[in-house]
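Enquirer: My structure file input19.pdb, PDB, C-alpha atoms and all ligand atoms, is below:
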ATOM      1  CA  MET A   1     -18.987  -7.030 -11.272
ATOM      2  CA  LEU A   2     -15.336  -6.589 -10.394
ATOM      3  CA  SER A   3     -12.960  -8.770 -12.378
ATOM      4  CA  TYR A   4      -9.643  -7.762 -10.780
ATOM      5  CA  ARG A   5      -8.164 -10.371  -8.418
ATOM      6  CA  HIS A   6      -5.002  -9.452  -6.594
ATOM      7  CA  ALA A   7      -3.951 -13.129  -6.398
ATOM      8  CA  TYR A   8      -2.554 -12.765  -9.949
ATOM      9  CA  HIS A   9      -0.317  -9.878  -8.958
ATOM     10  CA  ALA A  10       0.607 -10.468  -5.307
ATOM     11  CA  GLY A  11       4.279  -9.944  -4.575
ATOM     12  CA  ASN A  12       4.996  -8.182  -7.880
ATOM     13  CA  PHE A  13       7.319  -5.172  -8.130
ATOM     14  CA  ALA A  14       4.483  -2.791  -7.273
ATOM     15  CA  ASP A  15       3.559  -4.751  -4.133
ATOM     16  CA  VAL A  16       7.185  -4.660  -3.010
ATOM     17  CA  LEU A  17       7.247  -0.850  -3.155
ATOM     18  CA  LYS A  18       3.740  -0.505  -1.691
ATOM     19  CA  HIS A  19       4.411  -2.770   1.245
ATOM     20  CA  THR A  20       7.852  -1.284   1.882
ATOM     21  CA  VAL A  21       6.142   2.092   2.258
ATOM     22  CA  MET A  22       3.443   0.589   4.498
ATOM     23  CA  VAL A  23       6.102  -0.952   6.739
ATOM     24  CA  VAL A  24       7.829   2.417   7.159
ATOM     25  CA  LEU A  25       4.494   4.060   8.018
ATOM     26  CA  ALA A  26       3.271   1.342  10.403
ATOM     27  CA  ARG A  27       6.578   1.300  12.255
ATOM     28  CA  SER A  28       6.528   5.022  12.678
ATOM     29  CA  LEU A  29       3.025   4.848  14.218
ATOM     30  CA  THR A  30       4.250   2.339  16.794
ATOM     31  CA  ARG A  31       7.003   4.620  18.067
ATOM     32  CA  LYS A  32       4.521   5.943  20.617
ATOM     33  CA  ASP A  33       2.485   3.673  22.902
ATOM     34  CA  LYS A  34      -0.752   5.439  21.974
ATOM     35  CA  PRO A  35      -3.113   3.292  19.880
ATOM     36  CA  PHE A  36      -3.594   3.801  16.176
ATOM     37  CA  PHE A  37      -6.312   2.912  13.669
ATOM     38  CA  TYR A  38      -5.699   1.472  10.219
ATOM     39  CA  LEU A  39      -8.267   1.725   7.418
ATOM     40  CA  ASP A  40      -7.621  -0.323   4.279
ATOM     41  CA  THR A  41     -10.237   0.746   1.720
ATOM     42  CA  HIS A  42      -9.301  -1.943  -0.861
ATOM     43  CA  ALA A  43      -7.966  -4.791   1.224
ATOM     44  CA  GLY A  44      -7.780  -7.830  -1.079
ATOM     45  CA  VAL A  45      -7.607 -11.228   0.672
ATOM     46  CA  GLY A  46      -4.864 -10.522   3.219
ATOM     47  CA  SER A  47      -2.360 -13.210   2.248
ATOM     48  CA  TYR A  48      -1.443 -14.994  -0.960
ATOM     49  CA  ASP A  49      -0.234 -18.441  -1.949
ATOM     50  CA  LEU A  50       2.571 -17.992  -4.468
ATOM     51  CA  ALA A  51       2.125 -21.556  -5.700
ATOM     52  CA  SER A  52      -1.552 -20.993  -6.562
ATOM     53  CA  MET A  53      -2.715 -21.255 -10.157
ATOM     54  CA  ALA A  54      -3.366 -17.527 -10.244
ATOM     55  CA  ALA A  55       0.137 -16.606  -9.035
ATOM     56  CA  GLU A  56       1.760 -19.197 -11.291
ATOM     57  CA  LYS A  57      -0.211 -18.025 -14.309
ATOM     58  CA  THR A  58       1.413 -14.582 -14.366
ATOM     59  CA  GLY A  59       4.559 -15.367 -12.383
ATOM     60  CA  GLU A  60       4.669 -11.654 -11.521
ATOM     61  CA  TRP A  61       6.009 -12.295  -8.033
ATOM     62  CA  ARG A  62       9.232 -13.647  -9.536
ATOM     63  CA  GLN A  63      10.038 -10.116 -10.796
ATOM     64  CA  GLY A  64       9.119  -8.681  -7.391
ATOM     65  CA  ILE A  65       9.664 -10.386  -4.049
ATOM     66  CA  GLY A  66      11.331 -13.276  -5.909
ATOM     67  CA  ARG A  67      14.255 -11.013  -6.802
ATOM     68  CA  ILE A  68      14.760  -9.815  -3.232
ATOM     69  CA  TRP A  69      14.072 -12.862  -1.100
ATOM     70  CA  SER A  70      17.554 -14.408  -1.199
ATOM     71  CA  ARG A  71      19.709 -11.351  -1.767
ATOM     72  CA  PRO A  72      22.604 -11.304   0.698
ATOM     73  CA  ASP A  73      23.207  -7.560   0.265
ATOM     74  CA  LEU A  74      19.832  -6.277   1.468
ATOM     75  CA  PRO A  75      20.097  -2.709   2.808
ATOM     76  CA  ALA A  76      19.339  -2.479   6.534
ATOM     77  CA  ALA A  77      16.441  -0.122   5.810
ATOM     78  CA  LEU A  78      14.657  -2.885   3.860
ATOM     79  CA  GLN A  79      15.084  -5.497   6.569
ATOM     80  CA  PRO A  80      11.811  -4.753   8.432
ATOM     81  CA  TYR A  81       9.850  -5.325   5.192
ATOM     82  CA  LEU A  82      11.609  -8.611   4.560
ATOM     83  CA  ASP A  83      11.001  -9.651   8.177
ATOM     84  CA  VAL A  84       7.243  -9.404   7.499
ATOM     85  CA  VAL A  85       7.551 -11.685   4.459
ATOM     86  CA  ARG A  86       9.833 -14.051   6.413
ATOM     87  CA  ALA A  87       7.265 -14.297   9.211
ATOM     88  CA  MET A  88       4.870 -15.783   6.646
ATOM     89  CA  ASN A  89       7.483 -18.248   5.444
ATOM     90  CA  PRO A  90       9.049 -19.604   8.635
ATOM     91  CA  ASP A  91      10.605 -22.624   6.874
ATOM     92  CA  GLY A  92      12.741 -20.379   4.704
ATOM     93  CA  GLU A  93      11.063 -21.200   1.399
ATOM     94  CA  LEU A  94       9.156 -18.367  -0.265
ATOM     95  CA  LEU A  95       5.605 -19.748  -0.575
ATOM     96  CA  HIS A  96       3.362 -17.044   0.872
ATOM     97  CA  TYR A  97       3.155 -13.313   0.462
ATOM     98  CA  PRO A  98       1.385 -10.859   2.802
ATOM     99  CA  GLY A  99      -1.284  -8.474   1.592
ATOM    100  CA  SER A 100      -1.487  -4.948   2.982
ATOM    101  CA  PRO A 101      -3.691  -5.949   5.983
ATOM    102  CA  ARG A 102      -1.172  -8.591   7.042
ATOM    103  CA  VAL A 103       1.717  -6.174   6.561
ATOM    104  CA  VAL A 104       0.222  -3.639   8.942
ATOM    105  CA  ARG A 105      -1.111  -6.302  11.333
ATOM    106  CA  HIS A 106       2.469  -7.518  11.803
ATOM    107  CA  PHE A 107       3.247  -4.310  13.707
ATOM    108  CA  PHE A 108       0.077  -4.158  15.835
ATOM    109  CA  ARG A 109       0.174  -3.916  19.598
ATOM    110  CA  ALA A 110      -2.811  -4.964  21.726
ATOM    111  CA  GLN A 111      -4.193  -1.396  21.573
ATOM    112  CA  ASP A 112      -4.371  -1.045  17.756
ATOM    113  CA  ARG A 113      -7.272  -1.900  15.444
ATOM    114  CA  MET A 114      -8.048  -2.064  11.744
ATOM    115  CA  TRP A 115     -11.059  -1.856   9.437
ATOM    116  CA  LEU A 116     -10.820  -3.659   6.099
ATOM    117  CA  CYS A 117     -13.109  -3.043   3.118
ATOM    118  CA  GLU A 118     -13.395  -5.440   0.203
ATOM    119  CA  LEU A 119     -16.045  -5.476  -2.506
ATOM    120  CA  HIS A 120     -15.326  -8.722  -4.352
ATOM    121  CA  PRO A 121     -17.757 -11.333  -2.920
ATOM    122  CA  ARG A 122     -15.233 -14.198  -2.996
ATOM    123  CA  ASP A 123     -12.291 -12.145  -1.823
ATOM    124  CA  VAL A 124     -14.189 -10.697   1.112
ATOM    125  CA  GLU A 125     -14.977 -14.251   2.252
ATOM    126  CA  ALA A 126     -11.290 -15.206   2.042
ATOM    127  CA  LEU A 127     -10.416 -12.047   3.974
ATOM    128  CA  ARG A 128     -12.930 -12.989   6.687
ATOM    129  CA  VAL A 129     -11.362 -16.418   7.012
ATOM    130  CA  GLU A 130      -7.869 -14.891   7.156
ATOM    131  CA  PHE A 131      -8.794 -12.771  10.185
ATOM    132  CA  GLU A 132     -11.661 -14.773  11.650
ATOM    133  CA  ASP A 133     -10.412 -15.057  15.216
ATOM    134  CA  ASP A 134      -8.747 -11.693  15.357
ATOM    135  CA  PRO A 135     -10.602  -9.257  17.630
ATOM    136  CA  GLN A 136      -8.474  -6.339  16.405
ATOM    137  CA  VAL A 137      -9.570  -6.717  12.787
ATOM    138  CA  LYS A 138     -12.997  -5.974  11.310
ATOM    139  CA  VAL A 139     -13.800  -7.005   7.739
ATOM    140  CA  ALA A 140     -16.586  -5.244   5.841
ATOM    141  CA  PHE A 141     -18.183  -6.120   2.505
ATOM    142  CA  GLU A 142     -18.486  -2.497   1.461
ATOM    143  CA  ASP A 143     -17.224   0.180  -0.884
ATOM    144  CA  GLY A 144     -14.000   1.443   0.649
ATOM    145  CA  PHE A 145     -14.545   4.941  -0.689
ATOM    146  CA  HIS A 146     -17.770   5.139   1.309
ATOM    147  CA  ALA A 147     -16.140   3.867   4.499
ATOM    148  CA  ILE A 148     -14.305   7.184   4.912
ATOM    149  CA  LYS A 149     -17.383   8.924   6.253
ATOM    150  CA  ALA A 150     -18.308   6.148   8.653
ATOM    151  CA  GLN A 151     -14.823   5.410   9.999
ATOM    152  CA  LEU A 152     -13.174   8.824  10.242
ATOM    153  CA  PRO A 153     -12.181  10.423  12.496
ATOM    154  CA  PRO A 154     -11.201   7.377  14.542
ATOM    155  CA  LYS A 155     -11.544   7.465  18.309
ATOM    156  CA  GLU A 156      -7.773   6.858  18.601
ATOM    157  CA  ARG A 157      -7.065  10.189  16.839
ATOM    158  CA  ARG A 158      -4.018   8.580  15.219
ATOM    159  CA  GLY A 159      -4.372   6.701  11.994
ATOM    160  CA  LEU A 160      -3.277   5.459   8.614
ATOM    161  CA  VAL A 161      -5.519   5.065   5.567
ATOM    162  CA  LEU A 162      -4.514   3.105   2.452
ATOM    163  CA  PHE A 163      -6.383   3.640  -0.809
ATOM    164  CA  ASP A 164      -5.357   0.833  -3.120
ATOM    165  CA  PRO A 165      -7.976   0.595  -5.877
ATOM    166  CA  SER A 166      -7.417  -1.571  -8.932
ATOM    167  CA  TYR A 167      -8.386   1.368 -11.210
ATOM    168  CA  GLU A 168     -10.646  -0.932 -13.227
ATOM    169  CA  ILE A 169     -12.988   2.034 -13.288
ATOM    170  CA  LYS A 170     -11.174   4.959 -14.898
ATOM    171  CA  THR A 171     -12.955   7.483 -12.695
ATOM    172  CA  ASP A 172     -11.152   5.903  -9.713
ATOM    173  CA  PHE A 173      -8.261   8.310 -10.395
ATOM    174  CA  ARG A 174     -10.605  11.182  -9.479
ATOM    175  CA  THR A 175     -12.683   9.286  -6.901
ATOM    176  CA  VAL A 176      -9.591   8.390  -4.898
ATOM    177  CA  VAL A 177      -8.578  12.055  -4.566
ATOM    178  CA  ASN A 178     -12.117  13.025  -3.559
ATOM    179  CA  ALA A 179     -12.163  10.284  -0.918
ATOM    180  CA  MET A 180      -8.759  11.331   0.421
ATOM    181  CA  GLN A 181      -9.964  14.951   0.587
ATOM    182  CA  GLU A 182     -13.073  13.885   2.478
ATOM    183  CA  GLY A 183     -10.925  11.932   4.920
ATOM    184  CA  TYR A 184      -8.529  14.841   5.358
ATOM    185  CA  ARG A 185     -11.411  17.203   6.043
ATOM    186  CA  ARG A 186     -12.731  14.894   8.755
ATOM    187  CA  PHE A 187      -9.389  13.834  10.176
ATOM    188  CA  GLY A 188      -6.658  16.270   9.166
ATOM    189  CA  THR A 189      -3.838  14.678  11.154
ATOM    190  CA  GLY A 190      -4.214  11.195   9.667
ATOM    191  CA  THR A 191      -1.732   9.787   7.180
ATOM    192  CA  TYR A 192      -3.278   8.937   3.787
ATOM    193  CA  VAL A 193      -1.682   6.793   1.119
ATOM    194  CA  ILE A 194      -2.849   6.635  -2.487
ATOM    195  CA  TRP A 195      -1.338   3.853  -4.583
ATOM    196  CA  TYR A 196      -1.264   4.319  -8.374
ATOM    197  CA  PRO A 197      -0.017   2.419 -11.422
ATOM    198  CA  VAL A 198       2.172   4.091 -14.060
ATOM    199  CA  LEU A 199       0.364   3.268 -17.294
ATOM    200  CA  GLN A 200       0.244   6.637 -19.014
ATOM    201  CA  ARG A 201       2.397   9.486 -17.738
ATOM    202  CA  ARG A 202      -0.245  12.159 -18.372
ATOM    203  CA  VAL A 203      -2.715  10.318 -16.103
ATOM    204  CA  VAL A 204      -0.114  10.229 -13.315
ATOM    205  CA  GLU A 205       0.660  13.931 -13.745
ATOM    206  CA  LYS A 206      -3.033  14.737 -13.504
ATOM    207  CA  LEU A 207      -3.295  12.694 -10.283
ATOM    208  CA  TRP A 208      -0.312  14.560  -8.790
ATOM    209  CA  ALA A 209      -1.810  17.909  -9.805
ATOM    210  CA  ASP A 210      -5.183  16.967  -8.300
ATOM    211  CA  VAL A 211      -3.539  16.050  -4.989
ATOM    212  CA  GLY A 212      -1.389  19.199  -5.128
ATOM    213  CA  ARG A 213      -4.522  21.376  -5.390
ATOM    214  CA  SER A 214      -6.633  19.325  -2.993
ATOM    215  CA  GLY A 215      -5.861  21.555  -0.022
ATOM    216  CA  VAL A 216      -3.570  19.121   1.817
ATOM    217  CA  GLU A 217      -0.564  20.824   3.372
ATOM    218  CA  ARG A 218       2.004  18.068   3.029
ATOM    219  CA  ALA A 219       2.176  15.330   0.428
ATOM    220  CA  VAL A 220       5.140  13.419  -0.929
ATOM    221  CA  VAL A 221       5.277  11.079  -3.902
ATOM    222  CA  VAL A 222       7.342   7.901  -4.022
ATOM    223  CA  GLU A 223       7.480   6.345  -7.473
ATOM    224  CA  GLN A 224       9.477   3.541  -8.983
ATOM    225  CA  CYS A 225       9.586   2.585 -12.659
ATOM    226  CA  VAL A 226      11.105  -0.719 -13.716
ATOM    227  CA  VAL A 227      10.549  -0.155 -17.448
ATOM    228  CA  PRO A 228      10.792   3.178 -19.338
ATOM    229  CA  ASP A 229       7.601   5.235 -19.696
ATOM    230  CA  GLY A 230       5.551   4.487 -22.777
ATOM    231  CA  ALA A 231       6.253   0.755 -22.926
ATOM    232  CA  GLU A 232       3.272  -1.574 -22.883
ATOM    233  CA  GLY A 233       1.463  -2.324 -19.602
ATOM    234  CA  MET A 234       2.308  -1.136 -16.111
ATOM    235  CA  THR A 235       5.808   0.313 -16.283
ATOM    236  CA  GLY A 236       5.981   1.370 -12.662
ATOM    237  CA  SER A 237       3.954   2.325  -9.636
ATOM    238  CA  GLY A 238       3.842   5.030  -7.058
ATOM    239  CA  MET A 239       2.349   6.129  -3.800
ATOM    240  CA  ILE A 240       1.292   9.551  -2.684
ATOM    241  CA  VAL A 241       1.651   9.944   1.072
ATOM    242  CA  VAL A 242      -0.286  12.782   2.675
ATOM    243  CA  ASN A 243       1.022  13.777   6.113
ATOM    244  CA  PRO A 244       4.101  11.547   5.988
ATOM    245  CA  PRO A 245       5.685  10.976   9.396
ATOM    246  CA  TRP A 246       8.954  12.415  10.577
ATOM    247  CA  GLN A 247      11.953  11.115   8.577
ATOM    248  CA  PHE A 248       9.788   9.315   6.013
ATOM    249  CA  GLU A 249      11.763  10.866   3.168
ATOM    250  CA  GLU A 250      15.107   9.808   4.647
ATOM    251  CA  GLN A 251      13.889   6.257   5.168
ATOM    252  CA  MET A 252      12.666   5.963   1.596
ATOM    253  CA  ALA A 253      15.883   7.528   0.280
ATOM    254  CA  ALA A 254      17.790   4.763   2.066
ATOM    255  CA  VAL A 255      15.831   2.071   0.224
ATOM    256  CA  LEU A 256      14.945   3.352  -3.240
ATOM    257  CA  PRO A 257      18.304   3.262  -5.095
ATOM    258  CA  TRP A 258      18.999  -0.374  -4.177
ATOM    259  CA  LEU A 259      15.388  -1.457  -4.664
ATOM    260  CA  THR A 260      15.139   0.192  -8.070
ATOM    261  CA  ASP A 261      18.374  -1.427  -9.243
ATOM    262  CA  CYS A 262      17.145  -4.766  -8.014
ATOM    263  CA  LEU A 263      13.705  -4.579  -9.647
ATOM    264  CA  ALA A 264      14.547  -2.835 -12.951
ATOM    265  CA  GLN A 265      13.520  -4.952 -15.919
ATOM    266  CA  THR A 266      14.706  -2.799 -18.817
ATOM    267  CA  GLY A 267      17.556  -0.322 -18.560
ATOM    268  CA  SER A 268      18.456   1.117 -15.209
ATOM    269  CA  GLY A 269      15.029   1.790 -13.673
ATOM    270  CA  ARG A 270      14.104   5.120 -12.157
ATOM    271  CA  TYR A 271      12.646   6.458  -8.964
ATOM    272  CA  ARG A 272      11.239   9.722  -7.670
ATOM    273  CA  LEU A 273      10.881  11.079  -4.172
ATOM    274  CA  GLU A 274       9.323  14.527  -4.451
ATOM    275  CA  TRP A 275       7.015  16.831  -2.532
ATOM    276  CA  LEU A 276       3.675  17.584  -4.187
ATOM    277  CA  ALA A 277       2.616  19.912  -1.378
ATOM    278  CA  GLY A 278       4.676  21.441   1.446
ATOM    279  CA  THR A 279       8.035  20.034   2.519
ATOM    280  CA  ALA A 280       9.460  17.909   5.312
ATOM    281  CA  ASP A 281      10.027  21.131   7.270
ATOM    282  CA  SER A 282       6.403  22.266   7.060
ATOM    283  CA  ALA A 283       5.330  19.560   9.577
TER
HETATM  284  N1  LIG B   1      -4.382  -3.644  -0.777
HETATM  285  C1  LIG B   1      -4.156  -5.023  -1.201
HETATM  286  C2  LIG B   1      -2.730  -5.399  -0.899
HETATM  287  O1  LIG B   1      -1.822  -4.545  -0.982
HETATM  288  O2  LIG B   1      -2.481  -6.558  -0.553
HETATM  289  C3  LIG B   1      -4.461  -5.212  -2.663
HETATM  290  C4  LIG B   1      -5.783  -4.688  -3.106
HETATM  291  S1  LIG B   1      -6.172  -4.911  -4.798
HETATM  292  C5  LIG B   1      -5.066  -3.865  -5.630
HETATM  293  C6  LIG B   1      -7.693  -4.022  -4.918
HETATM  294  C7  LIG B   1      -8.852  -4.727  -4.237
HETATM  295  O3  LIG B   1      -9.933  -3.801  -4.137
HETATM  296  C8  LIG B   1      -9.410  -5.926  -5.004
HETATM  297  O4  LIG B   1      -9.427  -7.032  -4.147
HETATM  298  C9  LIG B   1     -10.830  -5.498  -5.408
HETATM  299  O5  LIG B   1     -11.751  -6.577  -5.359
HETATM  300  C10 LIG B   1     -11.160  -4.475  -4.354
HETATM  301  N2  LIG B   1     -12.103  -3.416  -4.719
HETATM  302  C11 LIG B   1     -12.327  -2.834  -5.915
HETATM  303  N3  LIG B   1     -13.171  -1.792  -5.795
HETATM  304  C12 LIG B   1     -13.468  -1.685  -4.471
HETATM  305  C13 LIG B   1     -14.215  -0.770  -3.701
HETATM  306  N4  LIG B   1     -14.863   0.266  -4.278
HETATM  307  N5  LIG B   1     -14.279  -0.937  -2.359
HETATM  308  C14 LIG B   1     -13.631  -1.964  -1.760
HETATM  309  N6  LIG B   1     -12.870  -2.865  -2.444
HETATM  310  C15 LIG B   1     -12.798  -2.713  -3.780
END
Show how you would write the structure in this file as structure tokens.
Ligand code: SAM

Expert:
Amino acid sequence: MLSYRHAYHAGNFADVLKHTVMVVLARSLTRKDKPFFYLDTHAGVGSYDLASMAAEKTGEWRQGIGRIWSRPDLPAALQPYLDVVRAMNPDGELLHYPGSPRVVRHFFRAQDRMWLCELHPRDVEALRVEFEDDPQVKVAFEDGFHAIKAQLPPKERRGLVLFDPSYEIKTDFRTVVNAMQEGYRRFGTGTYVIWYPVLQRRVVEKLWADVGRSGVERAVVVEQCVVPDGAEGMTGSGMIVVNPPWQFEEQMAAVLPWLTDCLAQTGSGRYRLEWLAGTADSA
């Protein structure tokens, strides 16, 4: 039985980075009129109430979106992300936070579609309610790692896959690379995103090395630490993006210094933007 519930963590510093990256990727897929497919292997419930008991219990969102929401000096490159959060809070008070499906859905045109996997029995029900009248969204009570074989390649031949496991099962660090590799083998032009927590540096380095040797031609890592390595708990988070779109690196470089300053909890914070395989020019 899964015990992780994202409601306790929604809108925290890691969600801010994750969803900023997803906004950059979704926007880049909508530059062309051609349809795209989005697969979210670990979808959560789609949207979160920041006044819920779960969110209040940890208060994590206050160190994430709570720090950004009212800043007057937001860099222009971060505006599209904040627009997504604003769309959920039309009265101007920060009460709701979008999950990854809502973030990507915000950019959908009539021709796009998504497939959402969620394995927690209660969360999958909430996810179904969230998208119940939406013909462009399908919700499945299934293991997201297994959905790769059934859903890829998509008929659209353009797509984005987010792997966002909770890593409750330690083998997820290996399983996620295997699943990405399987997806890449089936659909080599898709963009794949692996989210990871920074808990122990050696585990992160192993994940990077595994992706580096996985056979993918282009992969970039975006990481942000708000507390120095080695401190207790999750000190940062990162995302590995396989097949990043044109100018992804530039767009992240325009956001990361400000965002890291804003979210740092101890010391100055730190970010990385590095290629694990290939370079921007090898596209
Ligand atoms: N992607 C969401 C977002 O950004 O808003 C957050 C997802 S949360 C980190 C991970 C979710 O994956 C949890 O809701 C958990 O119940 C679910 N989960 C765990 N293992 C799974 C699996 N093998 N397949 C599908 N969902 C799984």

Enquirer: Using the chain letters and numbering of this document, enumerate as a PDB file with C-alpha atoms, keeping the file's coordinate frame the residues selected by the PyMOL selection byres (((chain A and resi 2-12) around 6) and not hetatm).

Expert:
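Saved to expr-v5.pdb:
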ATOM      1  CA  MET A   1     -18.987  -7.030 -11.272  1.00  0.00           C
ATOM      2  CA  PHE A  13       7.319  -5.172  -8.130  1.00  0.00           C
ATOM      3  CA  ALA A  14       4.483  -2.791  -7.273  1.00  0.00           C
ATOM      4  CA  ASP A  15       3.559  -4.751  -4.133  1.00  0.00           C
ATOM      5  CA  ALA A  54      -3.366 -17.527 -10.244  1.00  0.00           C
ATOM      6  CA  ALA A  55       0.137 -16.606  -9.035  1.00  0.00           C
ATOM      7  CA  GLU A  60       4.669 -11.654 -11.521  1.00  0.00           C
ATOM      8  CA  TRP A  61       6.009 -12.295  -8.033  1.00  0.00           C
ATOM      9  CA  GLY A  64       9.119  -8.681  -7.391  1.00  0.00           C
ATOM     10  CA  ILE A  65       9.664 -10.386  -4.049  1.00  0.00           C
TER      11      ILE A  65
END

Enquirer: Hey, which of A:Glu93, A:Asp261, A:Glu156, A:Asp40 ends up closest to Leu119 of chain A? Count all atoms listed in the file.

Expert: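 Distance minimum relative to Leu119 of chain A lands on A:Asp40.
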
Enquirer: Identify, counting all atoms listed in the file, the protein, DNA and RNA residues located within 9 Å of ligand LIG 1 (chain B), and give them as an mmCIF file with C-alpha atoms, keeping the file's coordinate frame.

Expert:
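So the final result, stored in out11.cif, reads:
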data_model
loop_
_atom_site.group_PDB
_atom_site.id
_atom_site.type_symbol
_atom_site.label_atom_id
_atom_site.label_comp_id
_atom_site.auth_asym_id
_atom_site.auth_seq_id
_atom_site.Cartn_x
_atom_site.Cartn_y
_atom_site.Cartn_z
ATOM 1 C CA LEU A 2 -15.336 -6.589 -10.394
ATOM 2 C CA SER A 3 -12.960 -8.770 -12.378
ATOM 3 C CA TYR A 4 -9.643 -7.762 -10.780
ATOM 4 C CA ARG A 5 -8.164 -10.371 -8.418
ATOM 5 C CA HIS A 6 -5.002 -9.452 -6.594
ATOM 6 C CA ALA A 7 -3.951 -13.129 -6.398
ATOM 7 C CA HIS A 9 -0.317 -9.878 -8.958
ATOM 8 C CA ALA A 10 0.607 -10.468 -5.307
ATOM 9 C CA GLY A 11 4.279 -9.944 -4.575
ATOM 10 C CA ASP A 15 3.559 -4.751 -4.133
ATOM 11 C CA LYS A 18 3.740 -0.505 -1.691
ATOM 12 C CA HIS A 19 4.411 -2.770 1.245
ATOM 13 C CA ASP A 40 -7.621 -0.323 4.279
ATOM 14 C CA THR A 41 -10.237 0.746 1.720
ATOM 15 C CA HIS A 42 -9.301 -1.943 -0.861
ATOM 16 C CA ALA A 43 -7.966 -4.791 1.224
ATOM 17 C CA GLY A 44 -7.780 -7.830 -1.079
ATOM 18 C CA VAL A 45 -7.607 -11.228 0.672
ATOM 19 C CA GLY A 46 -4.864 -10.522 3.219
ATOM 20 C CA SER A 47 -2.360 -13.210 2.248
ATOM 21 C CA TYR A 48 -1.443 -14.994 -0.960
ATOM 22 C CA TYR A 97 3.155 -13.313 0.462
ATOM 23 C CA PRO A 98 1.385 -10.859 2.802
ATOM 24 C CA GLY A 99 -1.284 -8.474 1.592
ATOM 25 C CA SER A 100 -1.487 -4.948 2.982
ATOM 26 C CA PRO A 101 -3.691 -5.949 5.983
ATOM 27 C CA ARG A 102 -1.172 -8.591 7.042
ATOM 28 C CA VAL A 103 1.717 -6.174 6.561
ATOM 29 C CA LEU A 116 -10.820 -3.659 6.099
ATOM 30 C CA CYS A 117 -13.109 -3.043 3.118
ATOM 31 C CA GLU A 118 -13.395 -5.440 0.203
ATOM 32 C CA LEU A 119 -16.045 -5.476 -2.506
ATOM 33 C CA HIS A 120 -15.326 -8.722 -4.352
ATOM 34 C CA PRO A 121 -17.757 -11.333 -2.920
ATOM 35 C CA ARG A 122 -15.233 -14.198 -2.996
ATOM 36 C CA ASP A 123 -12.291 -12.145 -1.823
ATOM 37 C CA VAL A 124 -14.189 -10.697 1.112
ATOM 38 C CA ALA A 140 -16.586 -5.244 5.841
ATOM 39 C CA PHE A 141 -18.183 -6.120 2.505
ATOM 40 C CA GLU A 142 -18.486 -2.497 1.461
ATOM 41 C CA ASP A 143 -17.224 0.180 -0.884
ATOM 42 C CA GLY A 144 -14.000 1.443 0.649
ATOM 43 C CA PHE A 145 -14.545 4.941 -0.689
ATOM 44 C CA HIS A 146 -17.770 5.139 1.309
ATOM 45 C CA ALA A 147 -16.140 3.867 4.499
ATOM 46 C CA LEU A 162 -4.514 3.105 2.452
ATOM 47 C CA PHE A 163 -6.383 3.640 -0.809
ATOM 48 C CA ASP A 164 -5.357 0.833 -3.120
ATOM 49 C CA PRO A 165 -7.976 0.595 -5.877
ATOM 50 C CA SER A 166 -7.417 -1.571 -8.932
ATOM 51 C CA TYR A 167 -8.386 1.368 -11.210
ATOM 52 C CA GLU A 168 -10.646 -0.932 -13.227
ATOM 53 C CA ILE A 169 -12.988 2.034 -13.288
ATOM 54 C CA ASP A 172 -11.152 5.903 -9.713
ATOM 55 C CA TRP A 195 -1.338 3.853 -4.583
#

Enquirer: For atom CA of Thr191 of chain A and atom CA of Val241 of chain A, determine how far apart the two atoms are, in Å to one decimal place.

Expert: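 These atoms are spaced 7.0 Å apart.
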
Enquirer: Write out, as a tab-separated table, each residue of segment 185-283 of chain A that has an atom at most 8 Å from segment 67-85 of chain A, together with the closest pair of atoms and their distance in Å to one decimal, counting all atoms listed in the file, rows going by chain and rising number.

Expert:
residue	atom	partner	partner_atom	distance
A:Gln251	CA	A:Ala77	CA	6.9
A:Ala254	CA	A:Ala77	CA	6.3
A:Val255	CA	A:Ala77	CA	6.0
A:Trp258	CA	A:Pro75	CA	7.4
A:Cys262	CA	A:Arg67	CA	7.0
A:Leu263	CA	A:Arg67	CA	7.1

Enquirer: Given the file shown, enumerate the residues that the PyMOL selection byres (((chain A and resi 218) around 9) and not hetatm) captures and present them as a PyMOL selection string.

Expert: chain A and resi 212+216-217+219-220+241-244+275-280+282-283

Enquirer: Find the residues near Pro257 of chain A: any atom within 10 Å, counting only C-alpha atoms, skip ones fewer than 5 places away on the same chain, and give them as a list of chain:residue names.

Expert: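 Near neighbours after the sequence-gap exclusion: A:Gln224, A:Met252, A:Cys262, A:Gly269, A:Arg270, A:Tyr271, A:Arg272.
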
Enquirer: Go ahead and write the residues just picked, C-alpha atoms, as a PDB file, in the frame of the given file.

Expert:
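File produced: out04.pdb:
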ATOM      1  CA  GLN A 224       9.477   3.541  -8.983  1.00  0.00           C
ATOM      2  CA  MET A 252      12.666   5.963   1.596  1.00  0.00           C
ATOM      3  CA  CYS A 262      17.145  -4.766  -8.014  1.00  0.00           C
ATOM      4  CA  GLY A 269      15.029   1.790 -13.673  1.00  0.00           C
ATOM      5  CA  ARG A 270      14.104   5.120 -12.157  1.00  0.00           C
ATOM      6  CA  TYR A 271      12.646   6.458  -8.964  1.00  0.00           C
ATOM      7  CA  ARG A 272      11.239   9.722  -7.670  1.00  0.00           C
TER       8      ARG A 272
END

Enquirer: The PyMOL selection byres (((chain A and resi 158) around 10) and not hetatm) - which residues does that actually catch in the file I just gave you? List them as a PyMOL selection string.

Expert: chain A and resi 29+34-38+112+153-157+159-160+187+189-191

Enquirer: Of the residues A:Gln247, A:Thr20, A:Thr266, A:Asn89, which is the one nearest to Val226 of chain A, using all atoms listed in the file?

Expert: A:Thr266

Enquirer: Within 8 Å of Gln181 of chain A, counting all atoms listed in the file, which residues qualify if same-chain residues fewer than 2 places away don't, as a list in words?

Expert: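 Close residues of Gln181 of chain A: Val177, Asn178, Ala179, Gly183, Tyr184, Arg185, Ser214, Gly215 and Val216 of chain A.
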